[in-house]
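Inspection log for the structure reproduced underneath, given as structure tokens.
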Amino acid sequence: MRAFLVAILAGLALGPAAQAADPELARLSAIAARVTITRDDWGIAHVRGGTDAEAVFGMVYAQAEDDFERIEANYLTALGRVAEAEGPGALAQDLRARLYVDPADLQARYRQSPPWLRALMDAWADGLNYYLDTHPDAHPKVLQRFEPWMALSFTEGSIGGDIERIALADLAAFYGVPTPTRVAALGLAGGHDASGSNGIAVSPRNTRDGHALLLINPHTSFYFRSELQMASDAGIDVYGAVTWGQFFVYQGFNDRLGWMHTSSQSDAVDRFAETIVRRGDRFFYRYGAELRPIAVSTVTLSYAAGGGRMGEQTFTVFKTHRGPIVARAADGRWIDEAMMFEPVKALEQSYLLTRARSYPDYMKVMELRANTSNNTVFADADGDIAYLHPQFIPKRDDRFDYAHVVDGAYPAADWHGLHALADAPNILNPATGWIQNTNNWPYSAAGASSPKAAAYPRYMDVGGENVRGLHAIALLTDRHDFTLGALERAAYDPGQPGFDILIPELLSAYDGARPDDPLEARLAEPIGVLRAWDRRWAANSVATALAVYWGEALWRAAGLPPSAENLADYGSALAKTTPDERLQALAAACDRLERRFGTWRVRWGDINRFQRLTGDIHQTYSDAAPSAAVPFTSGVWGSLASIRGPSPPNVNKRYGEAGNSFVAVVEFGPRVRALAVTAGGESGHPGSSHFVDEARRYAIGDLREVYFYPDQLAGHTERAYHPGD
């Protein structure tokens, strides 16, 4: 009766067309009746169904309630259909996706998927379509209906990160695509772990209460993931961060174990320069002593042409046995891109990991080897802690430098299968009793118990150590009294080891300057402030603001990108600047502060702010609008808690857009206990009380209790309902 009434009411709301589809609506309503969504007092959805498929139905429906626009934006990006909403400026982005993602291919892969996975994909599409059926006020830009195969469109099963390594400008130049323009920031673009992420696991032997601890701290663009819990009577019960529109928890925990994925510096995406020979209207590429034909096909893309009209453009695209052609080298050779494309395995692995109950269970799932870009920090209730390198690692000839473009004419440069899990620099239960990863190399992940770089091919890591890694190591070494609260405090420790490296060089430059140098008198007071500084961030610190602006000026003088944070980058910054240039950078920092604020003596918290936006490209920050002071700085300087964002022309203050987005600390005792915070709030709707209710907690690192068990929701429940209610 309830399902029948929901179908009738939805039909009345949606008009004759929906009424004609009552049988389908009734089917979806019957599923919804078996699903319960409980919203806690932070607006977090706790979803329960009888089966995993019903839990998937409910969790994606709850995500759509919170921010359907982000879900659609992510799938437009993954499917290569952004231009249908944004116009021809997004054609390069769409072509990049469609070099890999072909709807007919994904439909075939869906049909060949294991039955259990097809059931989840069916439930995913049903949940989104039921949301649209019951919300006539929702207005999709493009995707009026979702189909189950679309869930396979994320090329790596998680955030689609590998495909975004292909430079749009180079791709557009090769294929004659209109100049790429910025598109809506709701989607995947910029959603990678920006300036790193942090994962820490502490063994029971290093904790006061004998329970393993885990820090989950992704640094993505803000509002990139939803926070929720999904559970079923069939056994899944998992909590954490979910990339909008996906049906598995990406970083999180169940009652037995937890995991933090950080972006890896392992090399699993390679570029090859192919020597092209043209014979008539056919193209070939040199491969040893032979000429191999280039595969040629077409991709047709639609785009919004204005005035409600749609246009189409067809591109002829090229591919070798290694991958699609994505650019032209300066010497005329064509560049192809080799990367993993195993969407079914990647989705299987991503989902099944959330169901694991122990370290052996977790590693059994990892044998699918369908993760290319994630390091994993792991902890469980059995007391195990682990560092796991990405599982998709192609075997290569280490004579070639795969960190750069490799000459494709050499067959020996090809991939030769995949490494076994045992070949990777993984770590289990190190003697030090702790593990950390800050997107740094694995060779310091457990201090003295870390694997040795010399034992592994250089393509296992192409990045090296970073200053956040130094910070984490210093906090963890020789400490044996960790508690959940102590790990939370460590996650917000105000140390900045990057400035421990840089500031002494600045002071030395000042002390060594000629007495008649005009900079000596001009910089006397700023140097005095920095000399007295303990190099720890604080909202009321003038030195923090001065150091950040100086560091950024130094990076510009050295020609480094703003996100450069590895120790090699620090060495480069000092090698490429003279003592005088370091002083000039400080003068430039003072000038910049004075132009914006009238004085260089500005407290960091008066500059560095959190202001909640929806993420719409047309929104702008405003100094006149409410915002909260944020004391921490960018991870570039070694701060574990990180915030990065622009200082746009129309404002004077800086507004965070990336960095800490979801933070959780978890203790695996007899009952799992966790504290967490999400940037801003759970809801993407400005009118919701949960749009900005976590802003203050986010800004000061005051994590709230997670309600994992039903009894914890007592007194903390805002409402409980079925989808469609």
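Please note that chains go A, B, ... in the order of the structure tokens, that every chain numbers its residues from 1, and that ligands are numbered from 1 in the order shown.
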
Filtered DSSP result for stretch 384-556 of chain A, state strand (DSSP E or B), as a PyMOL selection string: chain A and resi 385-388+394+406-407+418+427-428+434-437+466+482+495+536

Include N, CA, C and O atoms and write out the residues we just selected as a short mmCIF file (atom, residue, chain, number, x, y, z; two decimals), in the first residue's frame.
data_model
loop_
_atom_site.label_atom_id
_atom_site.label_comp_id
_atom_site.auth_asym_id
_atom_site.auth_seq_id
_atom_site.Cartn_x
_atom_site.Cartn_y
_atom_site.Cartn_z
N ILE A 385 48.82 -2.99 11.30
CA ILE A 385 48.93 -1.75 10.54
C ILE A 385 49.78 -2.05 9.32
O ILE A 385 50.62 -2.94 9.33
N ALA A 386 49.53 -1.32 8.22
CA ALA A 386 50.23 -1.64 6.99
C ALA A 386 50.32 -0.42 6.08
O ALA A 386 49.48 0.49 6.15
N TYR A 387 51.36 -0.42 5.26
CA TYR A 387 51.47 0.48 4.12
C TYR A 387 51.40 -0.39 2.87
O TYR A 387 52.14 -1.39 2.76
N LEU A 388 50.52 -0.03 1.92
CA LEU A 388 50.36 -0.80 0.69
C LEU A 388 50.57 0.12 -0.50
O LEU A 388 49.91 1.15 -0.63
N PRO A 394 53.15 -1.84 -13.72
CA PRO A 394 53.69 -2.57 -14.87
C PRO A 394 55.18 -2.88 -14.68
O PRO A 394 55.93 -2.08 -14.12
N VAL A 406 59.44 8.21 -23.27
CA VAL A 406 60.34 7.13 -23.68
C VAL A 406 60.21 6.93 -25.19
O VAL A 406 59.11 7.04 -25.75
N ASP A 407 61.32 6.64 -25.86
CA ASP A 407 61.30 6.38 -27.30
C ASP A 407 60.53 5.08 -27.56
O ASP A 407 60.96 3.99 -27.17
N LEU A 418 52.45 -7.37 -15.10
CA LEU A 418 52.34 -6.62 -13.86
C LEU A 418 53.18 -7.26 -12.76
O LEU A 418 53.36 -8.47 -12.71
N ILE A 427 54.55 -2.70 3.59
CA ILE A 427 55.04 -2.81 4.98
C ILE A 427 53.90 -3.37 5.84
O ILE A 427 52.77 -2.87 5.75
N LEU A 428 54.18 -4.35 6.66
CA LEU A 428 53.20 -4.89 7.61
C LEU A 428 53.82 -4.91 9.00
O LEU A 428 54.90 -5.49 9.19
N TRP A 434 54.59 2.36 13.79
CA TRP A 434 53.80 3.39 13.12
C TRP A 434 54.08 3.38 11.62
O TRP A 434 55.11 2.88 11.17
N ILE A 435 53.12 3.94 10.90
CA ILE A 435 53.24 4.09 9.44
C ILE A 435 52.69 5.45 9.08
O ILE A 435 51.68 5.91 9.66
N GLN A 436 53.33 6.13 8.15
CA GLN A 436 52.81 7.40 7.65
C GLN A 436 52.98 7.45 6.14
O GLN A 436 53.93 6.87 5.60
N ASN A 437 52.07 8.13 5.47
CA ASN A 437 52.29 8.49 4.07
C ASN A 437 51.67 9.84 3.81
O ASN A 437 50.51 10.07 4.13
N ASN A 466 59.01 14.39 1.05
CA ASN A 466 58.50 15.76 1.11
C ASN A 466 58.51 16.25 2.55
O ASN A 466 58.77 15.49 3.49
N PHE A 482 49.99 7.21 22.35
CA PHE A 482 48.96 7.81 21.52
C PHE A 482 47.56 7.41 21.99
O PHE A 482 47.32 6.26 22.40
N GLY A 495 53.51 22.68 13.43
CA GLY A 495 54.87 22.75 12.89
C GLY A 495 54.88 22.88 11.37
O GLY A 495 53.97 22.41 10.67
N ARG A 536 55.77 28.01 13.81
CA ARG A 536 54.52 27.28 13.97
C ARG A 536 53.38 28.21 13.61
O ARG A 536 53.36 29.36 14.02
#

Each residue of stretch 252-361 of chain A with at least one atom at most 12 Å from stretch 707-722 of chain A should appear once, together with its nearest atom pair and the corresponding distance in Å (one decimal); atoms considered: only C-alpha atoms; ordering: chain, then increasing residue number; output as CSV.
residue,atom,partner,partner_atom,distance
A:Gly252,CA,A:Phe708,CA,11.7
A:Phe253,CA,A:Phe708,CA,9.9
A:Asn254,CA,A:Phe708,CA,8.8
A:Asp255,CA,A:Phe708,CA,8.5

Expected file: the selected residues, N, CA and C atoms, as a PDB file, in the first residue's frame:
ATOM      1  N   GLY A 252      37.740   5.355   4.429  1.00  0.00           N
ATOM      2  CA  GLY A 252      36.869   5.205   5.581  1.00  0.00           C
ATOM      3  C   GLY A 252      37.178   3.975   6.406  1.00  0.00           C
ATOM      4  N   PHE A 253      36.136   3.432   7.042  1.00  0.00           N
ATOM      5  CA  PHE A 253      36.342   2.327   7.980  1.00  0.00           C
ATOM      6  C   PHE A 253      35.046   1.569   8.178  1.00  0.00           C
ATOM      7  N   ASN A 254      35.170   0.305   8.571  1.00  0.00           N
ATOM      8  CA  ASN A 254      34.046  -0.446   9.108  1.00  0.00           C
ATOM      9  C   ASN A 254      34.371  -0.771  10.563  1.00  0.00           C
ATOM     10  N   ASP A 255      33.659  -1.691  11.168  1.00  0.00           N
ATOM     11  CA  ASP A 255      33.889  -1.926  12.597  1.00  0.00           C
ATOM     12  C   ASP A 255      35.161  -2.725  12.865  1.00  0.00           C
TER      13      ASP A 255
END

Selection: 6 Å around A:Arg468, only C-alpha atoms, excl. self and same-chain fewer than 3 positions, as a PyMOL selection string: chain A and resi 471+638+640

Residues as selected, C-alpha atoms, written as a JSON list (two decimals), in the first residue's frame, can you do that?
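New file result22.json:
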[["chain", "number", "residue", "atom", "x", "y", "z"],
["A", 471, "HIS", "CA", 56.76, 16.45, 9.93],
["A", 638, "GLY", "CA", 55.09, 21.02, 5.78],
["A", 640, "LEU", "CA", 49.90, 18.35, 7.93]]

Spatial neighbours of stretch 554-564 of chain A, max dist 12 Å, only C-alpha atoms, sep filter under 5 positions, as a PyMOL selection string: chain A and resi 193-196+463-468+498-499+502-503+505-506+547-549+569-589+634-638+642-646+658-659

Once you count only C-alpha atoms, what closest atom pair and distance in Å to one decimal does each residue of stretch 384-499 of chain A within 12 Å of stretch 303-322 of chain A have, with rows by chain and rising residue number, as CSV?
residue,atom,partner,partner_atom,distance
A:Val406,CA,A:Arg322,CA,11.9
A:Gly408,CA,A:Arg322,CA,9.1
A:Ala409,CA,A:Thr320,CA,11.8
A:Pro411,CA,A:Arg322,CA,11.0
A:Ala413,CA,A:Arg322,CA,10.7
A:Asp414,CA,A:Arg322,CA,8.0
A:Trp415,CA,A:Arg322,CA,8.7
A:His416,CA,A:Arg322,CA,11.7

May I have the residues within 8 Å of stretch 624-629 of chain A as a PDB file with N, CA and C atoms, in the first residue's frame, using only C-alpha atoms and disregarding those fewer than 2 positions away in the same chain?
ATOM      1  N   ALA A 539      46.608  31.574  14.087  1.00  0.00           N
ATOM      2  CA  ALA A 539      45.722  32.573  13.488  1.00  0.00           C
ATOM      3  C   ALA A 539      46.163  33.984  13.825  1.00  0.00           C
ATOM      4  N   GLY A 605      45.327  34.834  10.454  1.00  0.00           N
ATOM      5  CA  GLY A 605      43.901  34.531  10.482  1.00  0.00           C
ATOM      6  C   GLY A 605      43.031  35.624   9.893  1.00  0.00           C
ATOM      7  N   ASP A 606      43.566  36.857   9.822  1.00  0.00           N
ATOM      8  CA  ASP A 606      42.822  37.942   9.186  1.00  0.00           C
ATOM      9  C   ASP A 606      42.903  37.866   7.663  1.00  0.00           C
ATOM     10  N   ILE A 607      43.845  37.073   7.168  1.00  0.00           N
ATOM     11  CA  ILE A 607      44.028  36.903   5.724  1.00  0.00           C
ATOM     12  C   ILE A 607      43.439  35.588   5.241  1.00  0.00           C
ATOM     13  N   ASN A 608      43.763  34.522   5.959  1.00  0.00           N
ATOM     14  CA  ASN A 608      43.465  33.155   5.522  1.00  0.00           C
ATOM     15  C   ASN A 608      42.086  32.743   6.019  1.00  0.00           C
ATOM     16  N   ARG A 609      41.130  32.558   5.081  1.00  0.00           N
ATOM     17  CA  ARG A 609      39.737  32.419   5.486  1.00  0.00           C
ATOM     18  C   ARG A 609      39.070  31.204   4.833  1.00  0.00           C
ATOM     19  N   PHE A 610      38.031  30.750   5.505  1.00  0.00           N
ATOM     20  CA  PHE A 610      37.137  29.745   4.920  1.00  0.00           C
ATOM     21  C   PHE A 610      35.792  30.417   4.656  1.00  0.00           C
ATOM     22  N   GLN A 611      35.366  30.405   3.404  1.00  0.00           N
ATOM     23  CA  GLN A 611      34.061  30.964   3.025  1.00  0.00           C
ATOM     24  C   GLN A 611      33.339  29.925   2.182  1.00  0.00           C
ATOM     25  N   ARG A 612      32.168  29.553   2.592  1.00  0.00           N
ATOM     26  CA  ARG A 612      31.441  28.446   1.950  1.00  0.00           C
ATOM     27  C   ARG A 612      30.759  28.920   0.672  1.00  0.00           C
ATOM     28  N   TYR A 621      34.182  34.944  -4.362  1.00  0.00           N
ATOM     29  CA  TYR A 621      34.410  35.233  -2.954  1.00  0.00           C
ATOM     30  C   TYR A 621      34.217  36.721  -2.696  1.00  0.00           C
ATOM     31  N   SER A 622      33.901  37.023  -1.461  1.00  0.00           N
ATOM     32  CA  SER A 622      33.676  38.422  -1.090  1.00  0.00           C
ATOM     33  C   SER A 622      34.227  38.668   0.300  1.00  0.00           C
ATOM     34  N   PRO A 631      43.765  28.854  10.836  1.00  0.00           N
ATOM     35  CA  PRO A 631      45.144  29.072  11.293  1.00  0.00           C
ATOM     36  C   PRO A 631      46.192  28.292  10.519  1.00  0.00           C
ATOM     37  N   ALA A 695      31.716  24.692   9.626  1.00  0.00           N
ATOM     38  CA  ALA A 695      32.790  25.608   9.227  1.00  0.00           C
ATOM     39  C   ALA A 695      33.723  25.922  10.388  1.00  0.00           C
ATOM     40  N   ARG A 696      33.155  26.234  11.553  1.00  0.00           N
ATOM     41  CA  ARG A 696      34.012  26.593  12.679  1.00  0.00           C
ATOM     42  C   ARG A 696      34.845  25.397  13.125  1.00  0.00           C
ATOM     43  N   ALA A 699      37.643  24.901  10.739  1.00  0.00           N
ATOM     44  CA  ALA A 699      38.693  25.917  10.802  1.00  0.00           C
ATOM     45  C   ALA A 699      39.639  25.701  11.982  1.00  0.00           C
TER      46      ALA A 699
END

Neighbour list for A:Asn371 as a count of residues only, cut-off 7 Å, only C-alpha atoms, skip fewer than 2 positions in-chain: 8

Nearby residues (only C-alpha atoms) at most 12 Å from A:Ser688, same-chain spacing under 4 positions excluded, as a VMD selection string: chain A and resid 42 to 43 65 to 67 614 680 to 684 692 to 693

Option closest in space to A:Ala448, from A:Leu215, A:Ile473, A:Leu301, A:Ala138 [counting only C-alpha atoms]: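 Of A:Leu215, A:Ile473, A:Leu301, A:Ala138, the one nearest A:Ala448 is A:Ile473, counting only C-alpha atoms.
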
Counting only C-alpha atoms, the residue of A:Trp259, A:Phe284, A:Phe597, A:Trp604 that sits nearest A:Asn652: A:Phe597

Nearest to A:Val249, chosen from A:Arg34, A:Arg278, A:Arg271, A:Arg355, with only C-alpha atoms counted in the distances: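 Looking at the shortest contact to A:Val249, the residue is A:Arg355.
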